[in-house]
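Source file: model-v3.txt (compact mmCIF, C-alpha atoms and all ligand atoms)
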```txt
# COMPACT_ATOMS: atom_id res chain seq x y z
CA MET R 55 -9.42 -7.32 7.43
CA ALA R 56 -10.19 -4.80 4.71
CA ILE R 57 -9.14 -1.37 3.49
CA LEU R 58 -11.88 1.11 2.63
CA VAL R 59 -10.99 3.08 -0.50
CA THR R 60 -13.25 6.12 -0.89
CA GLY R 61 -13.31 7.40 -4.46
CA GLY R 62 -11.99 4.00 -5.56
CA CYS R 63 -13.67 4.18 -8.99
CA GLY R 64 -11.73 7.35 -9.83
CA TYR R 65 -8.40 7.69 -11.56
CA ILE R 66 -5.95 7.30 -8.68
CA GLY R 67 -8.30 5.28 -6.46
CA SER R 68 -8.81 2.57 -9.10
CA HIS R 69 -5.07 2.08 -9.61
CA THR R 70 -4.54 1.99 -5.86
CA ALA R 71 -7.39 -0.52 -5.44
CA ALA R 72 -5.71 -2.72 -8.05
CA VAL R 73 -2.28 -2.46 -6.38
CA LEU R 74 -3.77 -3.20 -2.94
CA THR R 75 -5.66 -6.21 -4.31
CA GLU R 76 -2.53 -7.51 -6.01
CA ALA R 77 -0.73 -7.15 -2.68
CA GLY R 78 -3.32 -9.45 -1.09
CA ARG R 79 -5.41 -6.76 0.62
CA GLU R 80 -9.20 -6.95 0.78
CA VAL R 81 -10.58 -3.78 -0.81
CA VAL R 82 -13.96 -2.14 -0.22
CA ILE R 83 -14.83 0.83 -2.45
CA VAL R 84 -17.27 3.63 -1.66
CA ASP R 85 -17.83 6.07 -4.52
CA SER R 86 -20.74 8.33 -5.46
CA LEU R 87 -19.78 8.00 -9.16
CA VAL R 88 -20.03 11.77 -9.52
CA ASN R 89 -16.83 11.66 -11.60
CA SER R 90 -16.42 7.98 -12.48
CA LYS R 91 -18.18 4.86 -13.70
CA ALA R 92 -19.12 1.65 -11.92
CA LEU R 93 -17.64 -0.49 -14.69
CA VAL R 94 -14.22 0.38 -13.28
CA VAL R 95 -14.95 -2.29 -10.66
CA ASN R 96 -15.21 -4.87 -13.48
CA ARG R 97 -11.88 -3.70 -14.83
CA ILE R 98 -10.20 -4.04 -11.43
CA GLU R 99 -11.61 -7.56 -11.21
CA ALA R 100 -10.36 -8.38 -14.72
CA LEU R 101 -6.90 -7.13 -13.77
CA THR R 102 -6.52 -8.75 -10.41
CA GLY R 103 -8.84 -11.76 -10.48
CA ARG R 104 -10.60 -10.46 -7.39
CA ARG R 105 -13.63 -8.20 -7.26
CA PRO R 106 -13.59 -5.45 -4.66
CA ALA R 107 -16.83 -4.88 -2.77
CA PHE R 108 -18.45 -1.72 -4.11
CA TYR R 109 -21.02 0.66 -2.60
CA LYS R 110 -22.42 3.63 -4.49
CA ALA R 111 -22.64 6.24 -1.77
CA ASP R 112 -21.61 9.78 -0.98
CA VAL R 113 -19.03 10.03 1.81
CA ARG R 114 -21.17 12.77 3.39
CA ASN R 115 -23.86 10.12 3.98
CA GLU R 116 -22.78 8.94 7.43
CA GLN R 117 -25.45 6.29 7.68
CA ALA R 118 -24.40 4.67 4.40
CA LEU R 119 -20.75 4.79 5.51
CA ALA R 120 -21.57 3.27 8.90
CA GLU R 121 -23.32 0.37 7.17
CA VAL R 122 -20.17 -0.32 5.17
CA PHE R 123 -18.09 -0.40 8.37
CA GLU R 124 -20.67 -2.70 9.98
CA THR R 125 -20.59 -5.08 6.98
CA HIS R 126 -16.81 -5.31 6.49
CA PRO R 127 -13.93 -5.59 8.97
CA ILE R 128 -12.36 -2.26 7.93
CA GLU R 129 -8.93 -1.67 9.49
CA GLY R 130 -7.92 1.43 7.58
CA VAL R 131 -9.15 3.99 5.07
CA ILE R 132 -7.61 5.63 2.02
CA HIS R 133 -9.61 8.77 1.33
CA PHE R 134 -9.57 9.80 -2.33
CA ALA R 135 -13.20 10.89 -2.70
CA GLY R 136 -13.56 14.55 -3.53
CA LEU R 137 -13.71 17.13 -6.29
CA LYS R 138 -10.46 18.19 -7.95
CA ALA R 139 -10.87 20.70 -10.79
CA VAL R 140 -9.22 24.01 -9.89
CA GLY R 141 -11.25 26.14 -12.33
CA GLU R 142 -14.55 24.60 -11.22
CA SER R 143 -13.59 25.23 -7.60
CA VAL R 144 -13.26 28.95 -8.36
CA ALA R 145 -16.72 28.97 -9.98
CA GLN R 146 -18.42 26.72 -7.39
CA PRO R 147 -16.51 27.05 -4.11
CA LEU R 148 -19.38 25.83 -1.93
CA ALA R 149 -19.58 22.53 -3.82
CA TYR R 150 -15.84 22.05 -3.17
CA TYR R 151 -16.00 23.01 0.50
CA SER R 152 -18.90 20.63 0.93
CA ALA R 153 -17.52 17.59 -0.92
CA ASN R 154 -13.94 17.92 0.29
CA ILE R 155 -14.24 19.31 3.81
CA GLU R 156 -17.68 18.08 4.90
CA GLY R 157 -16.90 14.79 3.18
CA ALA R 158 -13.70 14.35 5.20
CA ALA R 159 -15.41 15.43 8.43
CA ALA R 160 -18.25 12.94 7.94
CA LEU R 161 -15.80 10.12 7.21
CA LEU R 162 -13.71 10.94 10.28
CA ARG R 163 -16.79 11.00 12.53
CA VAL R 164 -17.82 7.57 11.30
CA MET R 165 -14.28 6.23 11.70
CA GLN R 166 -14.20 7.64 15.22
CA ARG R 167 -17.46 5.92 16.16
CA GLN R 168 -16.36 2.65 14.55
CA GLY R 169 -12.97 2.70 16.28
CA VAL R 170 -10.97 2.79 13.04
CA ARG R 171 -8.11 5.25 13.34
CA ARG R 172 -5.83 4.64 10.38
CA LEU R 173 -6.16 7.02 7.47
CA VAL R 174 -4.25 7.89 4.31
CA PHE R 175 -5.38 11.21 2.81
CA SER R 176 -4.98 12.48 -0.78
CA SER R 177 -3.55 15.94 -0.61
CA SER R 178 -1.86 17.90 -3.36
CA ALA R 179 1.27 19.89 -4.11
CA THR R 180 -1.14 22.74 -4.76
CA VAL R 181 -1.20 23.38 -0.97
CA TYR R 182 2.28 24.94 -1.25
CA GLY R 183 1.02 27.73 -3.50
CA ASP R 184 3.49 30.21 -4.91
CA THR R 185 6.96 29.95 -3.38
CA ASP R 186 10.44 30.56 -4.73
CA ILE R 187 11.84 27.60 -2.83
CA ILE R 188 12.13 24.75 -5.32
CA PRO R 189 12.09 21.79 -5.02
CA TYR R 190 9.19 21.76 -2.55
CA THR R 191 9.88 20.18 0.82
CA GLU R 192 7.19 19.13 3.27
CA ASP R 193 8.08 21.80 5.81
CA LEU R 194 7.18 24.72 3.54
CA PRO R 195 4.21 26.78 4.77
CA LEU R 196 0.81 26.05 3.27
CA GLN R 197 -0.46 28.94 1.17
CA PRO R 198 -2.97 27.57 -1.33
CA MET R 199 -4.03 29.92 -4.10
CA ASN R 200 -7.48 28.67 -5.05
CA PRO R 201 -10.59 27.15 -3.38
CA TYR R 202 -9.60 23.58 -4.31
CA GLY R 203 -6.20 24.03 -2.70
CA ARG R 204 -7.76 25.63 0.35
CA THR R 205 -10.04 22.61 0.86
CA LYS R 206 -6.97 20.34 0.79
CA ALA R 207 -5.10 22.53 3.28
CA ALA R 208 -8.20 22.70 5.50
CA VAL R 209 -8.48 18.92 5.64
CA GLU R 210 -4.76 18.69 6.45
CA TRP R 211 -5.34 21.06 9.38
CA MET R 212 -8.43 19.11 10.44
CA LEU R 213 -6.40 15.89 10.47
CA THR R 214 -3.59 17.55 12.43
CA ASP R 215 -5.99 18.84 15.09
CA LEU R 216 -7.74 15.48 15.31
CA TYR R 217 -4.43 13.67 15.67
CA HIS R 218 -3.39 15.91 18.57
CA SER R 219 -6.80 15.74 20.26
CA GLN R 220 -7.17 11.97 20.49
CA PRO R 221 -4.73 9.18 21.11
CA GLY R 222 -4.55 6.29 18.73
CA TRP R 223 -4.85 7.96 15.35
CA SER R 224 -2.26 7.15 12.73
CA ILE R 225 -2.50 9.39 9.69
CA SER R 226 -0.59 9.73 6.43
CA ILE R 227 -1.00 12.88 4.36
CA LEU R 228 0.28 12.40 0.81
CA ARG R 229 0.89 15.45 -1.34
CA TYR R 230 0.77 14.32 -4.96
CA PHE R 231 2.54 16.19 -7.71
CA ASN R 232 1.17 15.56 -11.24
CA PRO R 233 -0.26 12.03 -11.54
CA VAL R 234 -0.23 10.75 -15.12
CA GLY R 235 -0.10 7.46 -17.03
CA ALA R 236 -2.20 4.35 -16.59
CA HIS R 237 -2.04 0.68 -15.67
CA PRO R 238 0.20 -0.96 -18.31
CA SER R 239 -2.64 -3.31 -19.30
CA GLY R 240 -4.60 -0.37 -20.72
CA LEU R 241 -7.67 -1.53 -18.77
CA ILE R 242 -7.79 1.37 -16.32
CA GLY R 243 -6.63 4.94 -16.74
CA GLU R 244 -7.65 8.56 -16.63
CA ASP R 245 -11.04 9.28 -18.18
CA PRO R 246 -11.94 12.94 -17.73
CA ALA R 247 -15.44 14.11 -18.59
CA GLY R 248 -15.59 16.68 -21.39
CA ILE R 249 -12.57 18.67 -22.54
CA PRO R 250 -9.55 17.64 -20.44
CA ASN R 251 -8.17 20.32 -18.13
CA ASN R 252 -4.89 18.52 -17.65
CA LEU R 253 -1.99 18.03 -19.99
CA MET R 254 -1.63 14.27 -20.37
CA PRO R 255 -5.24 13.36 -21.18
CA TYR R 256 -5.26 16.22 -23.66
CA ILE R 257 -2.15 14.82 -25.36
CA THR R 258 -3.59 11.29 -25.55
CA GLN R 259 -6.87 12.59 -26.99
CA VAL R 260 -4.93 14.46 -29.67
CA ALA R 261 -2.91 11.30 -30.36
CA VAL R 262 -6.07 9.23 -31.05
CA GLY R 263 -7.59 11.98 -33.18
CA ARG R 264 -10.29 13.11 -30.75
CA ARG R 265 -8.88 16.65 -30.74
CA PRO R 266 -6.96 18.38 -33.53
CA GLU R 267 -4.04 19.83 -31.59
CA LEU R 268 -2.65 20.59 -28.17
CA GLY R 269 -2.51 24.18 -27.00
CA VAL R 270 0.70 24.74 -25.03
CA PHE R 271 -0.22 27.33 -22.43
CA GLY R 272 2.65 29.81 -22.53
CA GLY R 273 5.95 29.77 -24.39
CA ASP R 274 7.64 32.65 -22.62
CA TYR R 275 8.08 31.39 -19.07
CA PRO R 276 11.52 31.74 -17.48
CA THR R 277 12.28 28.03 -18.09
CA PRO R 278 14.83 26.44 -20.46
CA ASP R 279 12.34 26.10 -23.35
CA GLY R 280 9.76 28.70 -22.26
CA SER R 281 7.03 26.17 -21.33
CA CYS R 282 6.00 25.31 -17.75
CA VAL R 283 7.85 22.67 -15.76
CA ARG R 284 6.10 20.11 -13.53
CA ASP R 285 6.86 16.89 -11.68
CA TYR R 286 4.93 14.11 -13.43
CA ILE R 287 4.48 10.87 -11.52
CA HIS R 288 3.29 7.57 -13.00
CA VAL R 289 -0.02 6.65 -11.39
CA MET R 290 1.29 3.12 -10.65
CA ASP R 291 4.23 4.59 -8.71
CA LEU R 292 1.70 6.78 -6.91
CA ALA R 293 -0.53 3.79 -6.16
CA GLU R 294 2.48 1.94 -4.72
CA GLY R 295 3.14 5.01 -2.57
CA HIS R 296 -0.24 4.40 -0.89
CA LEU R 297 0.73 0.83 -0.08
CA ALA R 298 3.95 2.13 1.45
CA ALA R 299 2.02 4.75 3.45
CA LEU R 300 -0.38 2.11 4.75
CA GLY R 301 2.62 0.07 5.88
CA LEU R 302 3.98 3.12 7.68
CA ILE R 303 0.80 3.89 9.64
CA GLU R 304 0.23 0.23 10.39
CA GLY R 305 3.75 -0.15 11.72
CA SER R 306 3.75 2.93 13.95
CA HIS R 307 1.50 5.65 15.33
CA GLY R 308 2.01 9.13 13.99
CA LEU R 309 1.01 11.95 11.71
CA PHE R 310 3.12 11.74 8.59
CA VAL R 311 3.34 14.15 5.65
CA HIS R 312 5.03 13.13 2.41
CA ASN R 313 5.49 14.50 -1.06
CA LEU R 314 4.89 11.89 -3.74
CA GLY R 315 6.70 12.97 -6.87
CA SER R 316 9.62 11.90 -9.02
CA GLY R 317 11.85 14.76 -7.92
CA ARG R 318 12.37 15.74 -11.55
CA GLY R 319 10.99 18.67 -13.52
CA VAL R 320 9.75 18.14 -17.08
CA SER R 321 8.50 20.89 -19.39
CA VAL R 322 5.34 20.73 -21.49
CA LEU R 323 7.42 20.66 -24.68
CA GLU R 324 9.66 17.91 -23.29
CA MET R 325 6.53 15.91 -22.51
CA VAL R 326 5.20 16.32 -26.05
CA LYS R 327 8.54 15.14 -27.45
CA ALA R 328 8.77 12.20 -25.03
CA PHE R 329 5.22 11.17 -25.97
CA SER R 330 5.95 11.14 -29.70
CA GLU R 331 9.16 9.19 -29.17
CA ALA R 332 7.57 6.61 -26.87
CA THR R 333 4.42 6.03 -28.93
CA GLY R 334 5.36 6.94 -32.49
CA GLN R 335 2.35 9.28 -32.56
CA ALA R 336 2.78 12.87 -33.64
CA VAL R 337 1.19 15.45 -31.34
CA PRO R 338 0.46 18.62 -33.27
CA TYR R 339 0.62 21.66 -31.01
CA SER R 340 0.74 25.42 -31.01
CA ILE R 341 1.81 27.89 -28.37
CA LYS R 342 -1.15 29.67 -26.75
CA PRO R 343 -1.36 32.42 -24.15
CA ARG R 344 -0.52 31.56 -20.56
CA ARG R 345 -3.28 29.95 -18.46
CA ALA R 346 -4.30 32.02 -15.43
CA GLY R 347 -2.98 30.65 -12.15
CA ASP R 348 -0.15 28.54 -13.62
CA LEU R 349 3.24 28.71 -11.92
CA PRO R 350 6.34 28.61 -14.16
CA ALA R 351 8.11 25.65 -12.58
CA TYR R 352 8.04 23.37 -9.55
CA TRP R 353 8.87 19.82 -8.61
CA ALA R 354 9.10 17.69 -5.50
CA ASP R 355 11.83 16.96 -3.08
CA ALA R 356 10.73 13.36 -2.61
CA SER R 357 13.59 12.30 -0.34
CA LYS R 358 11.46 12.14 2.83
CA ALA R 359 9.26 9.40 1.35
CA LEU R 360 12.40 7.42 0.48
CA ARG R 361 13.79 7.86 3.99
CA ASP R 362 10.60 7.13 5.93
CA MET R 363 8.92 4.47 3.83
CA ASN R 364 11.46 3.32 1.30
CA TRP R 365 9.33 4.59 -1.56
CA ARG R 366 10.52 6.18 -4.76
CA THR R 367 9.34 6.30 -8.35
CA HIS R 368 10.58 3.59 -10.69
CA ARG R 369 8.80 4.33 -13.94
CA SER R 370 10.24 6.57 -16.66
CA LEU R 371 8.72 9.32 -18.75
CA ALA R 372 8.59 6.83 -21.64
CA ASP R 373 6.61 4.39 -19.43
CA ILE R 374 4.22 7.20 -18.54
CA CYS R 375 3.62 8.13 -22.17
CA ARG R 376 3.31 4.56 -23.45
CA ASP R 377 0.88 3.51 -20.70
CA ALA R 378 -1.26 6.66 -20.98
CA TYR R 379 -1.48 6.13 -24.74
CA GLU R 380 -2.30 2.44 -24.39
CA PHE R 381 -5.31 3.22 -22.19
CA GLN R 382 -6.52 5.88 -24.63
CA ARG R 383 -5.94 3.58 -27.61
CA GLN R 384 -7.93 0.75 -26.04
CA ASN R 385 -10.58 3.18 -24.76
CA PRO R 386 -10.70 5.94 -27.37
CA LYS R 387 -13.94 7.31 -25.94
CA GLY R 388 -12.99 6.57 -22.35
CA TYR R 389 -14.91 4.05 -20.27
CA VAL R 390 -17.96 2.99 -22.26
CA GLU R 391 -20.66 1.10 -20.40
CA THR R 392 -20.71 -1.96 -22.68
CA THR R 393 -17.04 -2.82 -22.10
P1 LIG E 1 -11.20 11.36 -9.63
O1 LIG E 1 -12.26 12.41 -9.81
O2 LIG E 1 -10.89 10.50 -10.79
O3 LIG E 1 -11.59 10.43 -8.40
C1 LIG E 1 -12.31 10.88 -7.29
C2 LIG E 1 -13.44 9.91 -7.06
O4 LIG E 1 -14.19 10.34 -5.93
C3 LIG E 1 -14.42 9.82 -8.24
O5 LIG E 1 -14.61 8.47 -8.56
C4 LIG E 1 -15.68 10.48 -7.72
O6 LIG E 1 -16.83 9.89 -8.28
C5 LIG E 1 -15.56 10.23 -6.23
N1 LIG E 1 -16.23 11.23 -5.39
C6 LIG E 1 -16.17 12.58 -5.49
N2 LIG E 1 -16.90 13.15 -4.52
C7 LIG E 1 -17.42 12.13 -3.78
C8 LIG E 1 -18.24 12.08 -2.62
N3 LIG E 1 -18.68 13.19 -2.04
N4 LIG E 1 -18.56 10.88 -2.12
C9 LIG E 1 -18.11 9.74 -2.71
N5 LIG E 1 -17.35 9.73 -3.81
C10 LIG E 1 -17.00 10.91 -4.33
O7 LIG E 1 -9.90 12.09 -9.08
P2 LIG E 1 -8.44 11.51 -8.88
O8 LIG E 1 -7.57 12.18 -9.86
O9 LIG E 1 -8.45 10.05 -8.80
O10 LIG E 1 -8.11 12.15 -7.46
C11 LIG E 1 -8.28 11.43 -6.25
C12 LIG E 1 -7.90 12.32 -5.08
O11 LIG E 1 -6.57 12.76 -5.25
C13 LIG E 1 -8.76 13.57 -4.96
O12 LIG E 1 -8.98 13.82 -3.60
C14 LIG E 1 -7.89 14.65 -5.57
O13 LIG E 1 -8.19 15.91 -5.04
C15 LIG E 1 -6.51 14.17 -5.15
N6 LIG E 1 -5.46 14.67 -6.04
C16 LIG E 1 -5.54 14.40 -7.38
C17 LIG E 1 -4.56 14.89 -8.24
C18 LIG E 1 -4.65 14.65 -9.72
O14 LIG E 1 -3.97 15.30 -10.47
N7 LIG E 1 -5.44 13.70 -10.21
C19 LIG E 1 -3.50 15.63 -7.72
C20 LIG E 1 -3.44 15.86 -6.34
C21 LIG E 1 -4.43 15.37 -5.51
C1 LIG E 2 -3.24 21.11 -11.98
C2 LIG E 2 -3.81 21.94 -10.87
C3 LIG E 2 -3.27 21.46 -9.54
C4 LIG E 2 -3.51 19.97 -9.38
C5 LIG E 2 -2.89 19.25 -10.57
C6 LIG E 2 -3.13 17.80 -10.51
C7 LIG E 2 -4.17 24.17 -11.84
C8 LIG E 2 -3.74 25.59 -11.86
N1 LIG E 2 -3.48 23.34 -11.05
O1 LIG E 2 -1.84 21.27 -11.98
O2 LIG E 2 -3.90 22.14 -8.50
O3 LIG E 2 -2.94 19.49 -8.19
O4 LIG E 2 -3.49 19.77 -11.77
O5 LIG E 2 -2.68 17.18 -11.67
O6 LIG E 2 -5.11 23.79 -12.50
N2 LIG E 2 -0.96 22.52 -20.13
C9 LIG E 2 -0.92 22.91 -21.45
N3 LIG E 2 -1.98 22.59 -22.24
C10 LIG E 2 -3.08 21.91 -21.79
C11 LIG E 2 -3.11 21.52 -20.43
C12 LIG E 2 -2.03 21.86 -19.62
O7 LIG E 2 0.04 23.51 -21.90
O8 LIG E 2 -4.02 21.68 -22.57
C13 LIG E 2 0.18 22.85 -19.28
C14 LIG E 2 -0.16 23.71 -18.09
O9 LIG E 2 -0.05 25.07 -18.41
C15 LIG E 2 0.87 23.24 -17.07
C16 LIG E 2 1.16 21.79 -17.46
O10 LIG E 2 0.68 21.63 -18.77
O11 LIG E 2 2.04 23.98 -17.25
C17 LIG E 2 0.47 20.82 -16.54
O12 LIG E 2 -0.90 21.19 -16.49
P1 LIG E 2 -1.98 20.31 -15.72
O13 LIG E 2 -1.91 18.91 -16.20
O14 LIG E 2 -3.28 21.01 -15.84
O15 LIG E 2 -1.47 20.32 -14.22
P2 LIG E 2 -1.10 21.56 -13.28
O16 LIG E 2 -1.59 22.82 -13.83
O17 LIG E 2 0.35 21.44 -12.97
```

Would it be possible to restate this file's structure as structure tokens?
Amino acid sequence: MAILVTGGCGYIGSHTAAVLTEAGREVVIVDSLVNSKALVVNRIEALTGRRPAFYKADVRNEQALAEVFETHPIEGVIHFAGLKAVGESVAQPLAYYSANIEGAAALLRVMQRQGVRRLVFSSSATVYGDTDIIPYTEDLPLQPMNPYGRTKAAVEWMLTDLYHSQPGWSISILRYFNPVGAHPSGLIGEDPAGIPNNLMPYITQVAVGRRPELGVFGGDYPTPDGSCVRDYIHVMDLAEGHLAALGLIEGSHGLFVHNLGSGRGVSVLEMVKAFSEATGQAVPYSIKPRRAGDLPAYWADASKALRDMNWRTHRSLADICRDAYEFQRQNPKGYVETT
């Protein structure tokens, strides 16, 4: 039996595909490559000794998806495929509604027809929006603040309605905090196109000399050092969280919602310091104006995931920094087709 990983060539999907393969699972990847490269499949094979089946297809293409289900004995799906850049979602909301909501709806229709009713869905802490209640617990109301977040909340509601309408579904909704780091081998990691939007890839690109300095967005927030605080989670811990979630929905029927985070807040300036200490690389930076839409501080209450599926993070901030740097060092220009 096999697990279908949509978006499996992407950042989190590739690490999860590797962890699943290492755990003895058969992995089938469907990815349109809109934000990734096919050579990631070679890297997963190099890491694990087994090559996942790969289909270049858009999840909105129901016929292509159905063919995958008819070719492989799929018993469950982890749905990563989608668009994820908040700023782009403000500029191009229809592209986000289409990829994220129509994509999920198409996948669910195909699963329904094929009789596959186990799904793990990539949601985000961004669904909580602006709340004073920190750390975030899963029972907080959803009040997303941007189109990207609204697509994630909409899919959560779609899954909830589907679960209540039909017997037999078993669904895990995982709300990720800030995924960072890379596989310790340096073979797979985060490879954003263009100028990175997110903190960690920006830091690693400064560290290898691709960019002159980091701009720290805001130094006057009401936090201990004035920079924003987030909950950074090593992508390998996150990948292992998907294995735990699969175990949960395979072992029982239900609709489960879990935060996946470390439960610890780290500021931008603490991250810069931790990176320099862990890697020996200086990260020049300067304080810039605040970035629109940023919240001062939030982190996860991750205790429900520990209770329900015995999952917690194991990797440290130093592990995160070292592994992120190692990927960037081995792949200074990201994934390049000849490697
Ligand atoms: P990513 O862009 O690296 O991976 C997504 C993959 O999906 C890419 O390989 C892309 O080519 C593919 N894809 C996009 N649209 C597709 C479509 N219509 N059909 C088929 N494939 C398609 O992103 P990621 O960081 O690995 O994120 C994976 C999932 O986790 C996304 O759903 C994202 O919204 C969610 N998430 C990510 C973060 C984060 O910080 N990275 C945080 C919270 C939630
Ligand atoms: C962003 C998204 C969020 C998504 C998450 C996934 C926004 C507003 N939010 O979260 O929806 O779920 O990514 O990882 O885009 N920073 C700098 N300099 C930089 C880049 C970032 O100082 O060059 C700061 C930011 O101001 C923030 C922190 O670093 O305080 C983390 O930023 P980022 O990595 O972009 O993640 P989030 O904004 O937390």

Neighbouring residues of ligand LIG 1 (chain E) are defined here as those with any atom at most 7 Å from a ligand atom, counting all atoms listed in the file; list them as a PDB file with C-alpha atoms, keeping the file's coordinate frame.
```
ATOM      1  CA  THR R  60     -13.250   6.120  -0.890  1.00  0.00           C
ATOM      2  CA  GLY R  61     -13.310   7.400  -4.460  1.00  0.00           C
ATOM      3  CA  GLY R  62     -11.990   4.000  -5.560  1.00  0.00           C
ATOM      4  CA  CYS R  63     -13.670   4.180  -8.990  1.00  0.00           C
ATOM      5  CA  GLY R  64     -11.730   7.350  -9.830  1.00  0.00           C
ATOM      6  CA  TYR R  65      -8.400   7.690 -11.560  1.00  0.00           C
ATOM      7  CA  ILE R  66      -5.950   7.300  -8.680  1.00  0.00           C
ATOM      8  CA  GLY R  67      -8.300   5.280  -6.460  1.00  0.00           C
ATOM      9  CA  VAL R  84     -17.270   3.630  -1.660  1.00  0.00           C
ATOM     10  CA  ASP R  85     -17.830   6.070  -4.520  1.00  0.00           C
ATOM     11  CA  SER R  86     -20.740   8.330  -5.460  1.00  0.00           C
ATOM     12  CA  LEU R  87     -19.780   8.000  -9.160  1.00  0.00           C
ATOM     13  CA  VAL R  88     -20.030  11.770  -9.520  1.00  0.00           C
ATOM     14  CA  ASN R  89     -16.830  11.660 -11.600  1.00  0.00           C
ATOM     15  CA  SER R  90     -16.420   7.980 -12.480  1.00  0.00           C
ATOM     16  CA  ALA R 111     -22.640   6.240  -1.770  1.00  0.00           C
ATOM     17  CA  ASP R 112     -21.610   9.780  -0.980  1.00  0.00           C
ATOM     18  CA  VAL R 113     -19.030  10.030   1.810  1.00  0.00           C
ATOM     19  CA  ARG R 114     -21.170  12.770   3.390  1.00  0.00           C
ATOM     20  CA  PHE R 134      -9.570   9.800  -2.330  1.00  0.00           C
ATOM     21  CA  ALA R 135     -13.200  10.890  -2.700  1.00  0.00           C
ATOM     22  CA  GLY R 136     -13.560  14.550  -3.530  1.00  0.00           C
ATOM     23  CA  LEU R 137     -13.710  17.130  -6.290  1.00  0.00           C
ATOM     24  CA  LYS R 138     -10.460  18.190  -7.950  1.00  0.00           C
ATOM     25  CA  ALA R 153     -17.520  17.590  -0.920  1.00  0.00           C
ATOM     26  CA  GLY R 157     -16.900  14.790   3.180  1.00  0.00           C
ATOM     27  CA  SER R 176      -4.980  12.480  -0.780  1.00  0.00           C
ATOM     28  CA  SER R 177      -3.550  15.940  -0.610  1.00  0.00           C
ATOM     29  CA  SER R 178      -1.860  17.900  -3.360  1.00  0.00           C
ATOM     30  CA  ALA R 179       1.270  19.890  -4.110  1.00  0.00           C
ATOM     31  CA  ARG R 229       0.890  15.450  -1.340  1.00  0.00           C
ATOM     32  CA  TYR R 230       0.770  14.320  -4.960  1.00  0.00           C
ATOM     33  CA  PHE R 231       2.540  16.190  -7.710  1.00  0.00           C
ATOM     34  CA  ASN R 232       1.170  15.560 -11.240  1.00  0.00           C
ATOM     35  CA  PRO R 233      -0.260  12.030 -11.540  1.00  0.00           C
ATOM     36  CA  GLU R 244      -7.650   8.560 -16.630  1.00  0.00           C
TER      37      GLU R 244
END
```

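Near (-2.3, 20.8, 4.4), the residues that fall inside 9 Å on the basis of only C-alpha atoms are Ser177, Ser178, Val181, Tyr182, Pro195, Leu196, Gln197, Pro198, Gly203, Arg204, Thr205, Lys206, Ala207, Ala208, Val209, Glu210, Trp211, Met212, Leu213, Thr214, Ile227, Arg229 and Val311 of chain R.
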
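For the pair atom CA of Ile242 of chain R and atom CA of Lys387 of chain R, the interatomic distance is 12.9 Å.
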
Counting all atoms listed in the file, which of R:Arg376, R:Lys358, R:Arg318, R:Arg284 gets nearest to ligand LIG 2 (chain E)?
R:Arg284

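Put simply, atom CA of His288 of chain R is 5.2 Å away from atom CA of Val234 of chain R.
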
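Across the structure, atom CA of Asp274 of chain R and atom CA of Val260 of chain R are spaced 23.2 Å apart.
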
May I ask which of the residues R:Ser143, R:Ser219, R:Gln335, R:Ser316 is the closest one to ligand LIG 2 (chain E), counting all atoms listed in the file?
R:Ser143

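Nearest-residue note for Tyr256 of chain R: choosing from R:Leu194, R:Leu228, R:Ala145, R:Val326, the minimum distance belongs to R:Val326, counting only C-alpha atoms.
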
If you count only C-alpha atoms and all ligand atoms, which residues end up within 6 Å of ligand LIG 2 (chain E), as a short mmCIF file (atom, residue, chain, number, x, y, z; two decimals) with C-alpha atoms, in the frame of the given file?
```cif
data_model
loop_
_atom_site.label_atom_id
_atom_site.label_comp_id
_atom_site.auth_asym_id
_atom_site.auth_seq_id
_atom_site.Cartn_x
_atom_site.Cartn_y
_atom_site.Cartn_z
CA VAL R 140 -9.22 24.01 -9.89
CA SER R 178 -1.86 17.90 -3.36
CA ALA R 179 1.27 19.89 -4.11
CA THR R 180 -1.14 22.74 -4.76
CA ASN R 232 1.17 15.56 -11.24
CA PRO R 233 -0.26 12.03 -11.54
CA ASN R 251 -8.17 20.32 -18.13
CA ASN R 252 -4.89 18.52 -17.65
CA LEU R 253 -1.99 18.03 -19.99
CA TYR R 256 -5.26 16.22 -23.66
CA LEU R 268 -2.65 20.59 -28.17
CA GLY R 269 -2.51 24.18 -27.00
CA VAL R 270 0.70 24.74 -25.03
CA PHE R 271 -0.22 27.33 -22.43
CA CYS R 282 6.00 25.31 -17.75
CA ARG R 284 6.10 20.11 -13.53
CA VAL R 322 5.34 20.73 -21.49
CA ARG R 345 -3.28 29.95 -18.46
CA GLY R 347 -2.98 30.65 -12.15
CA ASP R 348 -0.15 28.54 -13.62
#
```

Considering all atoms listed in the file, tabulate each residue of segment 180-279 of chain R that lies at most 8 Å from segment 290-304 of chain R along with its nearest interatomic pair and the corresponding distance in Å to one decimal; arrange the rows by chain and ascending residue number and present them as a Markdown table.
```
| residue | atom | partner | partner_atom | distance |
| --- | --- | --- | --- | --- |
| R:Ser224 | CA | R:Ile303 | CA | 5.4 |
| R:Ile225 | CA | R:Ile303 | CA | 6.4 |
| R:Ser226 | CA | R:Ala299 | CA | 6.4 |
| R:Tyr230 | CA | R:Leu292 | CA | 7.8 |
| R:Pro233 | CA | R:Leu292 | CA | 7.3 |
| R:Gly235 | CA | R:Met290 | CA | 7.8 |
| R:Ala236 | CA | R:Met290 | CA | 7.0 |
| R:His237 | CA | R:Met290 | CA | 6.5 |
```

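In terms of minimum interatomic distance to Thr367 of chain R, R:Ile287 ranks closest within R:Gly130, R:Leu216, R:Gly280, R:Ile287, counting all atoms listed in the file.
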